[in-house]
Structures are given as C-alpha cells and as structure tokens.
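Pasted below: query.csv, CSV, C-alpha atoms and all ligand atoms.
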chain,number,residue,atom,x,y,z
A,1236,MET,CA,125.3,109.2,93.1
A,1237,ASN,CA,127.6,107.8,90.4
A,1238,SER,CA,125.9,108.0,87.0
A,1239,VAL,CA,126.7,105.2,84.5
A,1240,GLY,CA,128.3,107.7,82.2
A,1241,ASN,CA,130.7,108.9,84.9
A,1242,LEU,CA,131.7,105.4,85.8
A,1243,ARG,CA,132.3,104.6,82.1
A,1244,LYS,CA,134.6,107.6,81.9
A,1245,ALA,CA,136.4,106.6,85.0
A,1246,LYS,CA,137.0,103.1,83.6
A,1247,LEU,CA,138.2,104.6,80.4
A,1248,SER,CA,140.7,106.8,82.2
A,1249,ALA,CA,142.1,103.8,84.0
A,1250,ALA,CA,142.2,101.7,80.8
A,1251,LYS,CA,143.9,104.4,78.9
A,1252,LYS,CA,146.6,104.8,81.5
A,1253,ALA,CA,147.2,101.0,81.6
A,1254,MET,CA,148.2,101.1,78.0
A,1255,GLU,CA,151.6,102.5,79.2
A,1256,PHE,CA,152.2,99.4,81.2
A,1257,ILE,CA,151.9,97.0,78.3
A,1258,ALA,CA,153.9,99.1,75.7
A,1259,ASP,CA,157.1,96.9,76.0
A,1260,ALA,CA,155.4,93.6,76.7
A,1261,GLU,CA,155.5,90.7,74.3
A,1262,VAL,CA,153.2,88.3,76.1
A,1263,ILE,CA,150.2,90.0,77.7
A,1264,GLY,CA,147.6,88.4,80.0
A,1265,VAL,CA,144.2,90.0,80.0
A,1266,GLY,CA,141.6,89.6,82.8
A,1267,THR,CA,137.9,89.8,82.8
A,1268,GLY,CA,135.1,92.2,83.5
A,1269,SER,CA,133.6,95.5,82.3
A,1270,THR,CA,136.7,97.6,83.0
A,1271,VAL,CA,138.8,95.1,81.1
A,1272,GLU,CA,136.3,95.3,78.3
A,1273,VAL,CA,137.0,99.0,78.0
A,1274,PHE,CA,140.8,98.1,77.9
A,1275,ILE,CA,140.1,95.5,75.2
A,1276,SER,CA,138.2,98.1,73.1
A,1277,LEU,CA,141.2,100.4,73.3
A,1278,LEU,CA,143.5,97.6,72.1
A,1279,GLY,CA,141.1,97.3,69.2
A,1280,GLU,CA,141.4,101.0,68.4
A,1281,SER,CA,145.1,100.7,68.0
A,1282,LYS,CA,145.2,97.2,66.6
A,1283,SER,CA,148.3,97.6,64.4
A,1284,GLU,CA,150.4,98.4,67.4
A,1285,TRP,CA,149.6,95.0,69.1
A,1286,ARG,CA,149.5,92.7,66.1
A,1287,GLY,CA,152.9,91.1,66.8
A,1288,ARG,CA,152.1,90.5,70.5
A,1289,VAL,CA,150.8,87.3,72.1
A,1290,PHE,CA,147.8,87.5,74.3
A,1291,THR,CA,146.3,85.1,76.8
A,1292,ALA,CA,143.1,85.4,78.7
A,1293,SER,CA,141.7,84.6,82.2
A,1294,SER,CA,138.3,83.6,80.8
A,1295,ILE,CA,136.6,82.3,77.7
A,1296,ASP,CA,134.8,85.7,77.5
A,1297,THR,CA,138.1,87.6,77.2
A,1298,ALA,CA,139.6,85.1,74.8
A,1299,LEU,CA,136.7,85.4,72.5
A,1300,LYS,CA,136.7,89.2,72.6
A,1301,LEU,CA,140.5,89.4,71.8
A,1302,GLY,CA,140.1,86.8,69.1
A,1303,ASP,CA,137.2,88.7,67.5
A,1304,LEU,CA,139.6,91.7,67.2
A,1305,GLY,CA,142.1,89.5,65.3
A,1306,PHE,CA,144.7,89.2,68.0
A,1307,LYS,CA,146.8,86.2,68.5
A,1308,VAL,CA,145.4,84.5,71.7
A,1309,LEU,CA,147.0,81.5,73.2
A,1310,HIS,CA,145.5,79.0,75.6
A,1311,PRO,CA,147.2,79.5,79.0
A,1312,VAL,CA,148.7,76.0,78.8
A,1313,SER,CA,150.9,77.3,75.9
A,1314,ILE,CA,152.3,80.2,77.9
A,1315,GLU,CA,155.5,79.8,79.8
A,1316,LYS,CA,156.1,83.4,80.7
A,1317,LEU,CA,153.8,86.4,81.1
A,1318,ASP,CA,155.4,89.9,80.8
A,1319,VAL,CA,152.4,91.7,82.1
A,1320,TYR,CA,148.9,91.0,83.3
A,1321,VAL,CA,146.1,93.5,83.3
A,1322,ASP,CA,142.8,93.0,85.1
A,1323,GLY,CA,140.1,94.7,87.1
A,1324,ALA,CA,139.0,94.3,90.7
A,1325,ASP,CA,135.9,94.5,92.9
A,1326,GLU,CA,137.6,96.1,95.9
A,1327,VAL,CA,141.0,97.5,96.6
A,1328,ASP,CA,142.2,98.4,100.1
A,1329,ARG,CA,145.0,100.8,101.1
A,1330,GLU,CA,147.7,98.1,100.9
A,1331,LEU,CA,146.5,97.3,97.4
A,1332,ASN,CA,145.0,94.0,98.5
A,1333,MET,CA,142.0,93.1,96.5
A,1334,ILE,CA,138.8,91.1,96.3
A,1335,LYS,CA,138.3,89.8,92.8
A,1336,GLY,CA,136.0,87.2,91.2
A,1337,GLY,CA,132.8,89.3,90.6
A,1338,GLY,CA,133.0,87.8,87.1
A,1339,ALA,CA,133.7,84.3,88.4
A,1340,ALA,CA,137.1,84.1,86.7
A,1341,LEU,CA,139.1,84.2,89.9
A,1342,THR,CA,141.1,81.0,89.5
A,1343,LEU,CA,142.8,81.8,86.2
A,1344,GLU,CA,143.1,85.4,87.3
A,1345,LYS,CA,145.0,84.4,90.4
A,1346,ILE,CA,147.3,82.1,88.4
A,1347,MET,CA,148.0,84.7,85.8
A,1348,THR,CA,148.6,87.4,88.4
A,1349,TYR,CA,151.0,85.3,90.4
A,1350,TYR,CA,153.1,84.2,87.5
A,1351,SER,CA,153.3,87.5,85.7
A,1352,ASP,CA,156.3,89.8,85.8
A,1353,ARG,CA,154.2,92.9,86.1
A,1354,ARG,CA,150.7,93.0,87.6
A,1355,VAL,CA,148.5,95.9,86.8
A,1356,PHE,CA,144.9,96.4,88.0
A,1357,ILE,CA,142.5,98.9,86.5
A,1358,VAL,CA,139.6,100.1,88.6
A,1359,ASP,CA,137.2,103.0,88.7
A,1360,TYR,CA,137.4,105.1,91.9
A,1361,THR,CA,134.3,103.3,93.5
A,1362,LYS,CA,136.4,100.2,94.0
A,1363,LEU,CA,138.6,101.8,96.7
A,1364,VAL,CA,137.6,100.7,100.1
A,1365,GLY,CA,138.8,101.2,103.7
A,1366,TYR,CA,138.9,97.5,104.3
A,1367,LEU,CA,138.3,94.4,102.3
A,1368,GLY,CA,134.8,93.0,102.6
A,1369,GLU,CA,133.3,96.5,103.0
A,1370,LYS,CA,131.0,96.0,100.0
A,1371,HIS,CA,131.6,92.6,98.5
A,1372,PRO,CA,131.7,89.0,99.7
A,1373,VAL,CA,134.8,86.9,99.1
A,1374,PRO,CA,134.2,84.6,96.2
A,1375,LEU,CA,135.5,81.0,96.2
A,1376,ASP,CA,135.8,78.6,93.3
A,1377,VAL,CA,134.8,75.3,94.7
A,1378,GLN,CA,135.2,71.8,93.3
A,1379,GLN,CA,131.7,70.6,92.4
A,1380,GLN,CA,131.8,67.3,94.3
A,1381,ALA,CA,132.9,69.2,97.5
A,1382,LEU,CA,130.3,71.9,97.3
A,1383,ASN,CA,128.0,71.0,100.1
A,1384,LEU,CA,130.8,69.8,102.4
A,1385,VAL,CA,132.7,73.0,102.0
A,1386,CYS,CA,129.5,75.2,102.5
A,1387,ARG,CA,128.5,73.3,105.6
A,1388,TYR,CA,132.0,73.6,107.0
A,1389,LEU,CA,132.1,77.3,106.4
A,1390,SER,CA,128.6,77.8,107.9
A,1391,LYS,CA,129.6,76.0,111.0
A,1392,ARG,CA,132.5,78.3,111.4
A,1393,GLY,CA,130.4,81.4,111.2
A,1394,TYR,CA,131.0,82.4,107.6
A,1395,LYS,CA,127.9,82.8,105.5
A,1396,PRO,CA,128.5,80.9,102.2
A,1397,LYS,CA,126.1,81.5,99.4
A,1398,ILE,CA,126.2,79.6,96.1
A,1399,ARG,CA,126.1,82.1,93.3
A,1400,TYR,CA,123.2,81.5,90.9
A,1401,ALA,CA,122.9,82.7,87.4
A,1402,THR,CA,120.2,85.3,87.0
A,1403,LYS,CA,119.9,85.0,83.3
A,1404,GLY,CA,120.7,82.5,80.5
A,1405,LYS,CA,121.2,79.5,82.8
A,1406,TYR,CA,119.4,77.7,85.5
A,1407,GLY,CA,121.4,76.9,88.6
A,1408,PRO,CA,124.8,77.7,90.0
A,1409,ILE,CA,127.5,79.6,88.1
A,1410,ILE,CA,130.2,77.2,86.9
A,1411,SER,CA,133.6,78.8,86.6
A,1412,ASP,CA,136.0,78.5,83.6
A,1413,VAL,CA,137.8,75.7,85.5
A,1414,GLY,CA,134.7,73.8,86.2
A,1415,GLY,CA,134.1,74.8,89.9
A,1416,VAL,CA,131.1,76.3,91.5
A,1417,ILE,CA,131.3,79.9,92.6
A,1418,VAL,CA,130.4,80.4,96.3
A,1419,ASP,CA,130.3,83.9,97.8
A,1420,VAL,CA,131.4,84.0,101.4
A,1421,TYR,CA,130.1,86.7,103.7
A,1422,PRO,CA,132.4,86.9,106.7
A,1423,GLN,CA,130.4,88.2,109.7
A,1424,LYS,CA,133.2,90.4,111.0
A,1425,ARG,CA,136.2,92.4,109.8
A,1426,PHE,CA,139.0,90.0,108.7
A,1427,ASP,CA,142.7,90.0,108.1
A,1428,PRO,CA,143.0,89.3,104.4
A,1429,LEU,CA,146.1,87.2,104.6
A,1430,GLU,CA,144.8,85.1,107.5
A,1431,LEU,CA,141.4,84.5,105.8
A,1432,GLU,CA,143.2,83.7,102.5
A,1433,ARG,CA,145.3,81.1,104.2
A,1434,GLU,CA,142.4,79.6,106.0
A,1435,LEU,CA,140.2,79.3,102.9
A,1436,THR,CA,142.8,78.0,100.6
A,1437,SER,CA,143.8,75.3,103.1
A,1438,LEU,CA,140.3,73.7,102.8
A,1439,PRO,CA,140.2,70.7,100.5
A,1440,GLY,CA,137.7,71.3,97.8
A,1441,VAL,CA,138.4,75.0,97.6
A,1442,ILE,CA,140.1,75.6,94.2
A,1443,GLU,CA,140.9,79.2,94.8
A,1444,THR,CA,139.7,82.4,96.6
A,1445,GLY,CA,139.1,85.9,95.3
A,1446,LEU,CA,141.4,87.4,97.9
A,1447,PHE,CA,144.5,88.8,96.2
A,1448,VAL,CA,146.9,89.7,98.9
A,1449,GLY,CA,150.2,91.4,98.1
A,1450,LEU,CA,149.8,90.5,94.4
A,1451,ALA,CA,149.2,93.9,92.7
A,1452,ASP,CA,152.3,95.8,91.6
A,1453,PHE,CA,150.2,98.8,90.3
A,1454,VAL,CA,146.6,99.8,90.7
A,1455,VAL,CA,145.4,102.4,88.2
A,1456,VAL,CA,142.5,104.2,89.6
A,1457,GLY,CA,140.3,106.0,87.1
A,1458,TYR,CA,138.3,109.1,87.8
A,1459,GLU,CA,136.2,111.0,85.3
A,1460,GLU,CA,139.0,113.2,84.0
A,1461,ARG,CA,142.2,111.5,85.2
A,1462,ALA,CA,143.9,108.4,86.4
A,1463,GLU,CA,146.1,107.9,89.4
A,1464,VAL,CA,148.7,105.1,89.7
A,1465,LEU,CA,149.1,103.5,93.1
A,1466,LYS,CA,152.2,101.4,93.5
A,1467,ARG,CA,152.7,98.6,96.0
A,1468,GLY,CA,154.8,99.5,99.0
A,1469,ARG,CA,154.2,103.3,98.8
A,1501,LIG,C1,136.2,88.9,87.3
A,1501,LIG,C2,136.9,90.0,88.2
A,1501,LIG,C3,136.7,91.4,87.7
A,1501,LIG,O1,138.0,91.9,87.4
A,1501,LIG,C4,136.1,92.2,88.7
A,1501,LIG,O2,134.8,91.6,89.0
A,1501,LIG,C5,135.8,93.6,88.3
A,1501,LIG,O3,134.9,93.7,87.2
A,1501,LIG,P1,134.4,95.1,86.7
A,1501,LIG,O4,135.6,95.7,86.0
A,1501,LIG,O5,133.3,94.6,85.8
A,1501,LIG,O6,133.9,95.9,87.8
A,1501,LIG,O7,137.5,89.8,89.2
A,1501,LIG,O8,136.3,87.7,88.0
Would you write out, as structure tokens, the structure that this file holds?
Ligand code: 5RP
Amino acid sequence: MNSVGNLRKAKLSAAKKAMEFIADAEVIGVGTGSTVEVFISLLGESKSEWRGRVFTASSIDTALKLGDLGFKVLHPVSIEKLDVYVDGADEVDRELNMIKGGGAALTLEKIMTYYSDRRVFIVDYTKLVGYLGEKHPVPLDVQQQALNLVCRYLSKRGYKPKIRYATKGKYGPIISDVGGVIVDVYPQKRFDPLELERELTSLPGVIETGLFVGLADFVVVGYEERAEVLKRGR
C-alpha cells in the first residue's frame, strides 16, 4: 500500500530533480496537477533564482499559483518559443508514451509539450505502467456542441465514453480551460497508442486527446529517496 506521505516524498524527489532541467531556460512552461504543485512550491522556495524568467501555464490553476508567488506569468498567446515544459502524467509506458488529462488540462498541455524545445515530465513511481490504459481512461476534450454526437459515435464503435462530472464545487460536466467538455474514454481492449491517438483526433468535435505519444524527452520518476531520469529512445 502506498501511503500518502510516501507518495508526497516521491513527487518531491521528481520535482527536485526536474529543477536541473530548467536551470538554463528563459521561458518555462508549467503544467498542471499535484506533482506540478510540488514543483511550483520548490520554485517558490528559491524565488530569487527564477525572478528574471518568464513563465506560462497550461491551466488557470497553475497561472494563479505562479502569479501568487510573484513570478512573471504570460498568457500562452504571448509566447513564441518555449525553452522547456514541465508537467506531470497519469500513466507512463516503457516507450515514455503517456496518458494525461487527469486534471482536465490536456489541450494546452499538449500544445505546450509539442512546441517546447525540451519536454520534461515528473511522476511518482505509481505512474509507470506496462501498457497505456492499464489504470486510466483516455481523456478527450470535446467541443460542447458536438458532445452527444461524439459520445454516440464512440459508443457505437465499442469505446465506452463517459462524460466527466464535477464531484464538488460545480454541478454538471467539467469544462476545460479551452471551453470543451471532458469525456473519459474506456477502450474495451488493449490499444496501440499511436493508432488510437490518430483515430480519436481525426473525429470532428474532438479538440484534443490525453494520449501523448512520442512527446516526452525526459520522464523523471520519483521514489521516496531518489529520482530516476528516463530518456526517450533508450
Ligand atoms: C492534468 C494532468 C496531470 O499532469 C496529471 O493528471 C497528473 O497529475 P498528478 O500529478 O496530480 O498525478 O495531465 O491534466
């Protein structure tokens, strides 16, 4: 059984190691989630080091957290180049393909990942899986008007789509930072990540998927007492 304290230590190990990857960066993209939250708190502990840097965020939550610490945070529309992007993940397979979107921020996360010069993901060791889909569904960000059409289409093809509902603080479906509705897709059998990614992104009404295939340069895996850096292609 993983205790909450052990997981927190594992996230901290990964976040600490990730600081090495941003040391030389001028423009830093920051993702979303509880592991990233630990990373942001470390940035806060060494504020003076990061004062001259520019940050951008994959979600309003992260933008607010960075802003509260006094960092310069730009809206993504003002960013032309990202030196490094740091984010968490829900699942990571052996090829460093990932499922993301547990925090509903997948669309901006994918955009920032794709356009960043260095892509670094920080996870605790429980995120490593034998194959994608082992523990988590594949999230989709779906255009609101297309919601029922997309869900019915997916159902007919044997995927089990489920609209993600807020459990607290809001009635109804979770609306993403880009205005879509989050739908969690439960494929009924093992899938090839790239094939599924292609199929899902080809559907009109699907804004983005939480499948990140071939996009991670480094995955920093945190354990209680150490961190291991996995590099793509090794
Ligand atoms: C948000 C994400 C997160 O990075 C992912 O859900 C991991 O979060 P956490 O670090 O809390 O486990 O993709 O959309």
Please provide the set of residues having any atom within 12 Å of region 1327-1331 of chain A, restricted to only C-alpha atoms, with same-chain residues fewer than 4 positions apart removed, written as a ChimeraX atom specification. /A:1323,1335,1354-1371,1427-1429,1445-1456,1464-1469
Env. residues ligand LIG 1501 (chain A) / 7 Å / all atoms listed in the file / as an MDAnalysis selection string: chainID A and resid 1266:1271 1322:1325 1335:1341 1358
Please provide as a PDB file with C-alpha atoms, in the coordinates of the input all residues within 7 Å of Asp1419 (chain A), with the sequence filter that same-chain residues fewer than 2 positions apart are discarded (counting all atoms listed in the file).
ATOM      1  CA  PRO A1372     131.700  89.000  99.700  1.00  0.00           C
ATOM      2  CA  VAL A1373     134.800  86.900  99.100  1.00  0.00           C
ATOM      3  CA  PRO A1374     134.200  84.600  96.200  1.00  0.00           C
ATOM      4  CA  LEU A1375     135.500  81.000  96.200  1.00  0.00           C
ATOM      5  CA  PRO A1396     128.500  80.900 102.200  1.00  0.00           C
ATOM      6  CA  LYS A1397     126.100  81.500  99.400  1.00  0.00           C
ATOM      7  CA  ILE A1398     126.200  79.600  96.100  1.00  0.00           C
ATOM      8  CA  ARG A1399     126.100  82.100  93.300  1.00  0.00           C
ATOM      9  CA  ILE A1417     131.300  79.900  92.600  1.00  0.00           C
ATOM     10  CA  TYR A1421     130.100  86.700 103.700  1.00  0.00           C
TER      11      TYR A1421
END
Between CA of Ala1249 (chain A) and CA of Glu1463 (chain A), distance in Å (one decimal):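 Going from CA of Ala1249 (chain A) over to CA of Glu1463 (chain A) covers 7.9 Å.
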So what do you get for CA of Leu1317 (chain A) versus CA of Met1347 (chain A), distance-wise?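 Separating CA of Leu1317 (chain A) from CA of Met1347 (chain A) is a distance of 7.7 Å.
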Between CA of Glu1434 (chain A) and CA of Tyr1394 (chain A), measure the distance and give it in Å to one decimal.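 Interatomic distance here is 11.8 Å.
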Residues near Val1312 (chain A), anyone? I mean within 12 Å using only C-alpha atoms, not counting same-chain ones fewer than 5 positions away, as a VMD selection string. chain A and resid 1291 to 1293 1317 1343 1346 to 1347
Take the residues from that selection and write them out as a PDB file, keeping the file's coordinate frame, keeping C-alpha atoms.
ATOM      1  CA  THR A1291     146.300  85.100  76.800  1.00  0.00           C
ATOM      2  CA  ALA A1292     143.100  85.400  78.700  1.00  0.00           C
ATOM      3  CA  SER A1293     141.700  84.600  82.200  1.00  0.00           C
ATOM      4  CA  LEU A1317     153.800  86.400  81.100  1.00  0.00           C
ATOM      5  CA  LEU A1343     142.800  81.800  86.200  1.00  0.00           C
ATOM      6  CA  ILE A1346     147.300  82.100  88.400  1.00  0.00           C
ATOM      7  CA  MET A1347     148.000  84.700  85.800  1.00  0.00           C
TER       8      MET A1347
END
Shortest interatomic distance to Val1319 (chain A) - which of A:Ser1351, A:Ser1390, A:Asn1332, A:Thr1297, counting only C-alpha atoms: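 Among A:Ser1351, A:Ser1390, A:Asn1332, A:Thr1297, it is A:Ser1351 that comes nearest to Val1319 (chain A).
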Test item: which residues lie within 6 Å of (139.1, 72.3, 89.8) counting all atoms listed in the file, as a list in words: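 The answer, in the requested form, is Gln1378, Val1413, Gly1414, Gly1415 and Ile1442 of chain A.
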